[in-house]
>>> print(open('my_file.cif').read())   # mmCIF, C-alpha atoms
data_start
loop_
_atom_site.group_PDB
_atom_site.id
_atom_site.type_symbol
_atom_site.label_atom_id
_atom_site.label_comp_id
_atom_site.auth_asym_id
_atom_site.auth_seq_id
_atom_site.Cartn_x
_atom_site.Cartn_y
_atom_site.Cartn_z
ATOM 1 C CA MET A 98 -15.024 104.747 56.537
ATOM 2 C CA GLN A 99 -15.997 106.425 53.281
ATOM 3 C CA LEU A 100 -19.754 106.951 52.930
ATOM 4 C CA GLN A 101 -21.292 105.876 49.654
ATOM 5 C CA SER A 102 -24.350 106.908 47.705
ATOM 6 C CA PHE A 103 -26.470 104.287 45.949
ATOM 7 C CA ASP A 104 -28.290 104.397 42.628
ATOM 8 C CA GLU A 105 -30.911 102.401 40.765
ATOM 9 C CA SER A 106 -28.406 100.154 38.962
ATOM 10 C CA TYR A 107 -26.743 99.196 42.281
ATOM 11 C CA VAL A 108 -30.110 98.285 43.825
ATOM 12 C CA GLN A 109 -31.089 96.377 40.670
ATOM 13 C CA ARG A 110 -27.877 94.314 40.864
ATOM 14 C CA LEU A 111 -28.705 93.545 44.502
ATOM 15 C CA GLU A 112 -32.237 92.445 43.546
ATOM 16 C CA GLU A 113 -30.822 90.233 40.773
ATOM 17 C CA GLY A 114 -28.417 88.562 43.198
ATOM 18 C CA ASP A 115 -25.136 89.826 41.734
ATOM 19 C CA PHE A 116 -22.526 88.250 44.033
ATOM 20 C CA ARG A 117 -19.950 91.055 43.989
ATOM 21 C CA THR A 118 -22.600 93.710 44.643
ATOM 22 C CA GLN A 119 -23.985 91.647 47.535
ATOM 23 C CA GLU A 120 -20.468 91.205 48.929
ATOM 24 C CA HIS A 121 -19.892 94.971 48.769
ATOM 25 C CA PHE A 122 -23.316 95.709 50.263
ATOM 26 C CA VAL A 123 -22.813 93.332 53.206
ATOM 27 C CA ALA A 124 -19.247 94.519 53.905
ATOM 28 C CA TYR A 125 -20.282 98.185 53.758
ATOM 29 C CA PHE A 126 -23.414 97.915 55.888
ATOM 30 C CA SER A 127 -22.005 95.318 58.321
ATOM 31 C CA GLU A 128 -19.500 97.899 59.512
ATOM 32 C CA LEU A 129 -22.201 100.558 59.977
ATOM 33 C CA ILE A 130 -24.651 98.155 61.644
ATOM 34 C CA GLN A 131 -21.992 96.835 64.030
ATOM 35 C CA LEU A 132 -21.002 100.376 65.023
ATOM 36 C CA LYS A 133 -24.643 101.115 65.802
ATOM 37 C CA LEU A 134 -25.279 97.839 67.672
ATOM 38 C CA ARG A 135 -22.120 97.870 69.818
ATOM 39 C CA SER A 136 -23.497 100.811 71.765
ATOM 40 C CA ARG A 137 -26.916 99.158 72.201
ATOM 41 C CA LEU A 138 -26.232 95.443 72.793
ATOM 42 C CA ASN A 139 -23.864 93.749 75.230
ATOM 43 C CA SER A 140 -23.373 90.357 73.643
ATOM 44 C CA PRO A 141 -21.438 89.695 70.400
ATOM 45 C CA GLN A 142 -23.975 86.919 69.673
ATOM 46 C CA ALA A 143 -26.891 89.364 69.966
ATOM 47 C CA ILE A 144 -25.090 91.809 67.656
ATOM 48 C CA GLU A 145 -24.531 89.060 65.083
ATOM 49 C CA ASP A 146 -28.145 87.831 65.358
ATOM 50 C CA VAL A 147 -29.554 91.333 64.778
ATOM 51 C CA ARG A 148 -27.086 91.951 61.918
ATOM 52 C CA GLN A 149 -28.020 88.719 60.131
ATOM 53 C CA GLU A 150 -31.743 89.204 60.641
ATOM 54 C CA THR A 151 -31.440 92.762 59.281
ATOM 55 C CA PHE A 152 -29.773 91.511 56.094
ATOM 56 C CA THR A 153 -32.286 88.678 55.729
ATOM 57 C CA ARG A 154 -35.173 91.157 55.866
ATOM 58 C CA VAL A 155 -33.494 93.729 53.623
ATOM 59 C CA PHE A 156 -32.870 91.139 50.890
ATOM 60 C CA ALA A 157 -36.437 89.829 51.179
ATOM 61 C CA ALA A 158 -37.793 93.398 50.965
ATOM 62 C CA LEU A 159 -35.599 94.211 47.942
ATOM 63 C CA ARG A 160 -36.768 91.081 46.118
ATOM 64 C CA GLY A 161 -40.342 92.128 46.920
ATOM 65 C CA GLY A 162 -39.761 95.565 45.357
ATOM 66 C CA LYS A 163 -40.329 97.381 48.668
ATOM 67 C CA LEU A 164 -37.592 99.988 48.126
ATOM 68 C CA ARG A 165 -39.106 102.811 46.050
ATOM 69 C CA GLN A 166 -36.151 105.229 46.162
ATOM 70 C CA PRO A 167 -32.740 103.592 45.518
ATOM 71 C CA ASP A 168 -30.887 106.655 46.858
ATOM 72 C CA ARG A 169 -32.589 105.981 50.236
ATOM 73 C CA LEU A 170 -31.032 102.498 50.562
ATOM 74 C CA GLY A 171 -28.957 103.538 53.607
ATOM 75 C CA ALA A 172 -32.018 104.901 55.437
ATOM 76 C CA PHE A 173 -33.959 101.765 54.435
ATOM 77 C CA VAL A 174 -31.296 99.462 55.966
ATOM 78 C CA ASN A 175 -31.097 101.641 59.095
ATOM 79 C CA SER A 176 -34.879 101.568 59.528
ATOM 80 C CA MET A 177 -34.924 97.769 59.080
ATOM 81 C CA CYS A 178 -32.134 97.429 61.656
ATOM 82 C CA ASN A 179 -34.111 99.607 64.113
ATOM 83 C CA ASN A 180 -37.155 97.344 63.690
ATOM 84 C CA VAL A 181 -35.119 94.177 64.292
ATOM 85 C CA LEU A 182 -33.433 95.799 67.303
ATOM 86 C CA LEU A 183 -36.810 96.795 68.768
ATOM 87 C CA GLU A 184 -38.090 93.232 68.334
ATOM 88 C CA HIS A 185 -34.922 91.947 69.989
ATOM 89 C CA TYR A 186 -35.525 94.211 73.019
ATOM 90 C CA ARG A 187 -39.158 93.096 73.257
ATOM 91 C CA SER A 188 -38.206 89.448 72.934
ATOM 92 C CA ASN A 189 -35.590 89.782 75.685
ATOM 93 C CA SER A 190 -37.975 91.557 78.041
ATOM 94 C CA ARG A 191 -40.551 88.780 77.486
ATOM 95 C CA ASP A 192 -37.876 86.132 78.096
ATOM 96 C CA ASP A 193 -36.813 87.859 81.327
ATOM 97 C CA SER A 194 -40.388 87.800 82.581
ATOM 98 C CA LEU A 195 -40.666 84.014 82.170
ATOM 99 C CA ASP A 196 -39.293 81.499 84.640
ATOM 100 C CA ASP A 197 -36.723 79.117 83.165
ATOM 101 C CA GLU A 198 -39.144 76.195 83.250
ATOM 102 C CA GLU A 199 -41.894 78.201 81.539
ATOM 103 C CA GLN A 200 -39.810 79.269 78.571
ATOM 104 C CA PRO A 201 -41.162 77.707 75.368
ATOM 105 C CA GLU A 202 -38.966 75.936 72.847
ATOM 106 C CA ILE A 203 -38.800 78.280 69.865
ATOM 107 C CA PRO A 204 -37.439 76.829 66.638
ATOM 108 C CA ALA A 205 -34.813 78.935 64.866
ATOM 109 C CA THR A 206 -36.546 80.820 62.073
ATOM 110 C CA ASN A 207 -33.836 83.301 61.054
ATOM 111 C CA VAL A 208 -32.012 81.704 58.144
ATOM 112 C CA ASP A 209 -28.827 83.384 56.985
ATOM 113 C CA VAL A 210 -30.103 83.962 53.441
ATOM 114 C CA LEU A 211 -27.049 85.906 52.366
ATOM 115 C CA GLY A 212 -24.801 83.197 53.767
ATOM 116 C CA MET A 213 -26.659 80.529 51.786
ATOM 117 C CA ILE A 214 -26.446 82.535 48.547
ATOM 118 C CA ALA A 215 -22.790 83.357 49.090
ATOM 119 C CA ALA A 216 -21.902 79.751 49.964
ATOM 120 C CA LYS A 217 -23.589 78.382 46.820
ATOM 121 C CA GLN A 218 -21.964 80.935 44.533
ATOM 122 C CA MET A 219 -18.580 80.538 46.230
ATOM 123 C CA LYS A 220 -18.774 76.744 45.819
ATOM 124 C CA GLU A 221 -19.463 77.157 42.097
ATOM 125 C CA LYS A 222 -16.611 79.669 41.748
ATOM 126 C CA ILE A 223 -14.169 77.348 43.573
ATOM 127 C CA ALA A 224 -15.151 74.432 41.298
ATOM 128 C CA GLU A 225 -14.522 76.602 38.198
ATOM 129 C CA ILE A 226 -11.116 77.722 39.460
ATOM 130 C CA LEU A 227 -10.076 74.195 40.458
ATOM 131 C CA GLU A 228 -10.770 73.033 36.896
ATOM 132 C CA GLU A 229 -8.229 75.592 35.615
ATOM 133 C CA MET A 230 -5.484 74.360 37.958
ATOM 134 C CA PRO A 231 -2.807 71.732 37.223
ATOM 135 C CA GLU A 232 -3.934 68.213 38.178
ATOM 136 C CA ARG A 233 -1.572 67.847 41.178
ATOM 137 C CA ASP A 234 -2.536 71.217 42.685
ATOM 138 C CA ARG A 235 -6.225 70.485 42.119
ATOM 139 C CA ARG A 236 -5.945 67.096 43.876
ATOM 140 C CA LEU A 237 -4.037 68.613 46.795
ATOM 141 C CA ILE A 238 -6.605 71.387 47.347
ATOM 142 C CA ARG A 239 -9.516 68.944 47.096
ATOM 143 C CA GLU A 240 -8.056 66.259 49.340
ATOM 144 C CA VAL A 241 -6.578 68.481 52.055
ATOM 145 C CA PHE A 242 -9.027 71.399 52.225
ATOM 146 C CA LEU A 243 -12.325 70.200 50.758
ATOM 147 C CA GLU A 244 -12.339 66.514 51.720
ATOM 148 C CA GLU A 245 -10.164 67.089 54.821
ATOM 149 C CA ARG A 246 -8.314 63.813 54.330
ATOM 150 C CA ASP A 247 -5.696 62.757 56.836
ATOM 151 C CA LYS A 248 -2.402 64.431 55.866
ATOM 152 C CA ASP A 249 -0.406 61.213 56.389
ATOM 153 C CA ALA A 250 -2.689 59.460 53.865
ATOM 154 C CA VAL A 251 -2.212 62.344 51.413
ATOM 155 C CA CYS A 252 1.585 62.138 51.896
ATOM 156 C CA SER A 253 1.426 58.421 51.145
ATOM 157 C CA ASP A 254 -0.652 58.997 47.963
ATOM 158 C CA PHE A 255 1.735 61.667 46.700
ATOM 159 C CA GLY A 256 4.900 59.872 47.839
ATOM 160 C CA VAL A 257 6.164 62.822 49.904
ATOM 161 C CA ASP A 258 6.902 63.550 53.575
ATOM 162 C CA ARG A 259 4.964 66.053 55.735
ATOM 163 C CA GLU A 260 7.556 68.795 55.222
ATOM 164 C CA TYR A 261 7.412 68.599 51.429
ATOM 165 C CA LEU A 262 3.608 68.331 51.526
ATOM 166 C CA ARG A 263 3.626 71.715 53.265
ATOM 167 C CA VAL A 264 5.666 73.149 50.350
ATOM 168 C CA LEU A 265 3.317 71.629 47.755
ATOM 169 C CA LEU A 266 0.251 72.951 49.597
ATOM 170 C CA HIS A 267 1.763 76.430 49.758
ATOM 171 C CA ARG A 268 2.345 76.385 45.984
ATOM 172 C CA ALA A 269 -1.166 75.036 45.317
ATOM 173 C CA LYS A 270 -2.716 77.758 47.497
ATOM 174 C CA GLN A 271 -0.692 80.448 45.707
ATOM 175 C CA SER A 272 -1.807 79.054 42.347
ATOM 176 C CA PHE A 273 -5.452 79.030 43.494
ATOM 177 C CA LYS A 274 -5.205 82.563 44.870
ATOM 178 C CA SER A 275 -3.678 83.874 41.663
ATOM 179 C CA LEU A 276 -6.427 82.271 39.516
ATOM 180 C CA TYR A 277 -9.140 83.510 41.904
ATOM 181 C CA LEU A 278 -7.888 87.109 41.784
ATOM 182 C CA LYS A 279 -7.550 86.976 37.999
ATOM 183 C CA ASN A 280 -11.074 85.551 37.720
ATOM 184 C CA VAL A 281 -12.614 88.208 39.996
ATOM 185 C CA ALA A 282 -10.735 91.048 38.282
ATOM 186 C CA ALA A 283 -11.906 89.851 34.848
ATOM 187 C CA ARG A 284 -15.587 90.037 35.805
ATOM 188 C CA PRO A 285 -17.158 93.495 35.389
ATOM 189 C CA PRO A 286 -18.702 94.875 38.612
ATOM 190 C CA GLY A 287 -22.247 94.970 37.217
ATOM 191 C CA ALA A 288 -22.179 91.557 35.574
ATOM 192 C CA VAL A 289 -24.846 89.113 36.661
ATOM 193 C CA ALA A 290 -23.975 85.478 36.166
ATOM 194 C CA VAL A 291 -26.438 83.545 33.996
ATOM 195 C CA GLY A 292 -28.913 81.529 36.020
ATOM 196 C CA LYS A 293 -28.114 83.279 39.300
ATOM 197 C CA ARG A 294 -31.372 85.223 39.535
#
>>> encode(input="my_file.cif", output="structure tokens")
Amino acid sequence: MQLQSFDESYVQRLEEGDFRTQEHFVAYFSELIQLKLRSRLNSPQAIEDVRQETFTRVFAALRGGKLRQPDRLGAFVNSMCNNVLLEHYRSNSRDDSLDDEEQPEIPATNVDVLGMIAAKQMKEKIAEILEEMPERDRRLIREVFLEERDKDAVCSDFGVDREYLRVLLHRAKQSFKSLYLKNVAARPPGAVAVGKR
């Protein structure tokens, strides 16, 4: 993996919620965090929990202006991950000391903030791209993938058999993919969508 340095404009785009910058940030640091956690945690679920909680706290801290030196972003994420990991160890040692019947019900408090942001922005992007597609392709994508309608019902609506539906779906997916890639390539890396702050 190629190591990257970070500057003020990168951190500012993260604070402003720029989707592509967030995607890059999460992909880059997920790999580093997972490498670190694999040697310290046994369960894939524990690794994922610590990873998500780390990102949740990093984004909250960035929005709160807690990072003073943008070039120290990597150390900042590492430090946050260490804190979450330490809390995870403490929590597990407390859980081990309780009998099963004494363990309290703890409501889930770690919300996947990044996931929520990404899902909202991805939904908006998909809606934009669908509007650019031919009517038949748009209907196919909506009915089969978004509404998850029964394929026999879709075949009946379109007057085709299952085999030809597969061909139409393949073409619709290719059309969607092509528009998506064109759309992403057309957007400059530092651009922040209006109203996404």
>>> resolve_selection(input="my_file.cif", expression="the PyMOL selection byres ((chain A and resi 238) around 12)", output="ChimeraX atom specification")
/A:223-224,226-228,230-237,239-246,248,251,262-263,265-274
>>> resolve_selection(input="my_file.cif", expression="the PyMOL selection byres ((chain A and resi 158-162) around 10)", output="NGL selection string")
:A and (108-109 or 111-114 or 152-157 or 163-165 or 170 or 173 or 177)
>>> resolve_selection(input="my_file.cif", expression="the PyMOL selection byres ((chain A and resi 118-130) around 8)", output="list in words")
Tyr107, Arg110, Leu111, Gly114, Asp115, Phe116, Arg117, Gln131, Leu132, Lys133, Leu134, Arg148, Phe152, Asn175, Cys178, Pro286 and Gly287 of chain A
>>> closest_residue(input="my_file.cif", among="A:Val181, A:Gln218, A:Ser275, A:Ser176", to="Gln149 of chain A", atoms="all atoms listed in the file")
A:Val181
>>> atom_distance(input="my_file.cif", atom1="atom CA of His185 of chain A", atom2="atom CA of Asp146 of chain A")
9.2 Å
>>> atom_distance(input="my_file.cif", atom1="atom CA of Cys252 of chain A", atom2="atom CA of Lys222 of chain A")
27.2 Å
>>> axis_aligned_box(input="my_file.cif", around="segment 130-149 of chain A", padding_each_side="3 Å", output="JSON")
{"center_x": -25.3, "center_y": 94.0, "center_z": 67.7, "size_x": 14.6, "size_y": 20.2, "size_z": 21.1}
>>> atom_distance(input="my_file.cif", atom1="atom CA of Arg187 of chain A", atom2="atom CA of Thr151 of chain A")
16.0 Å
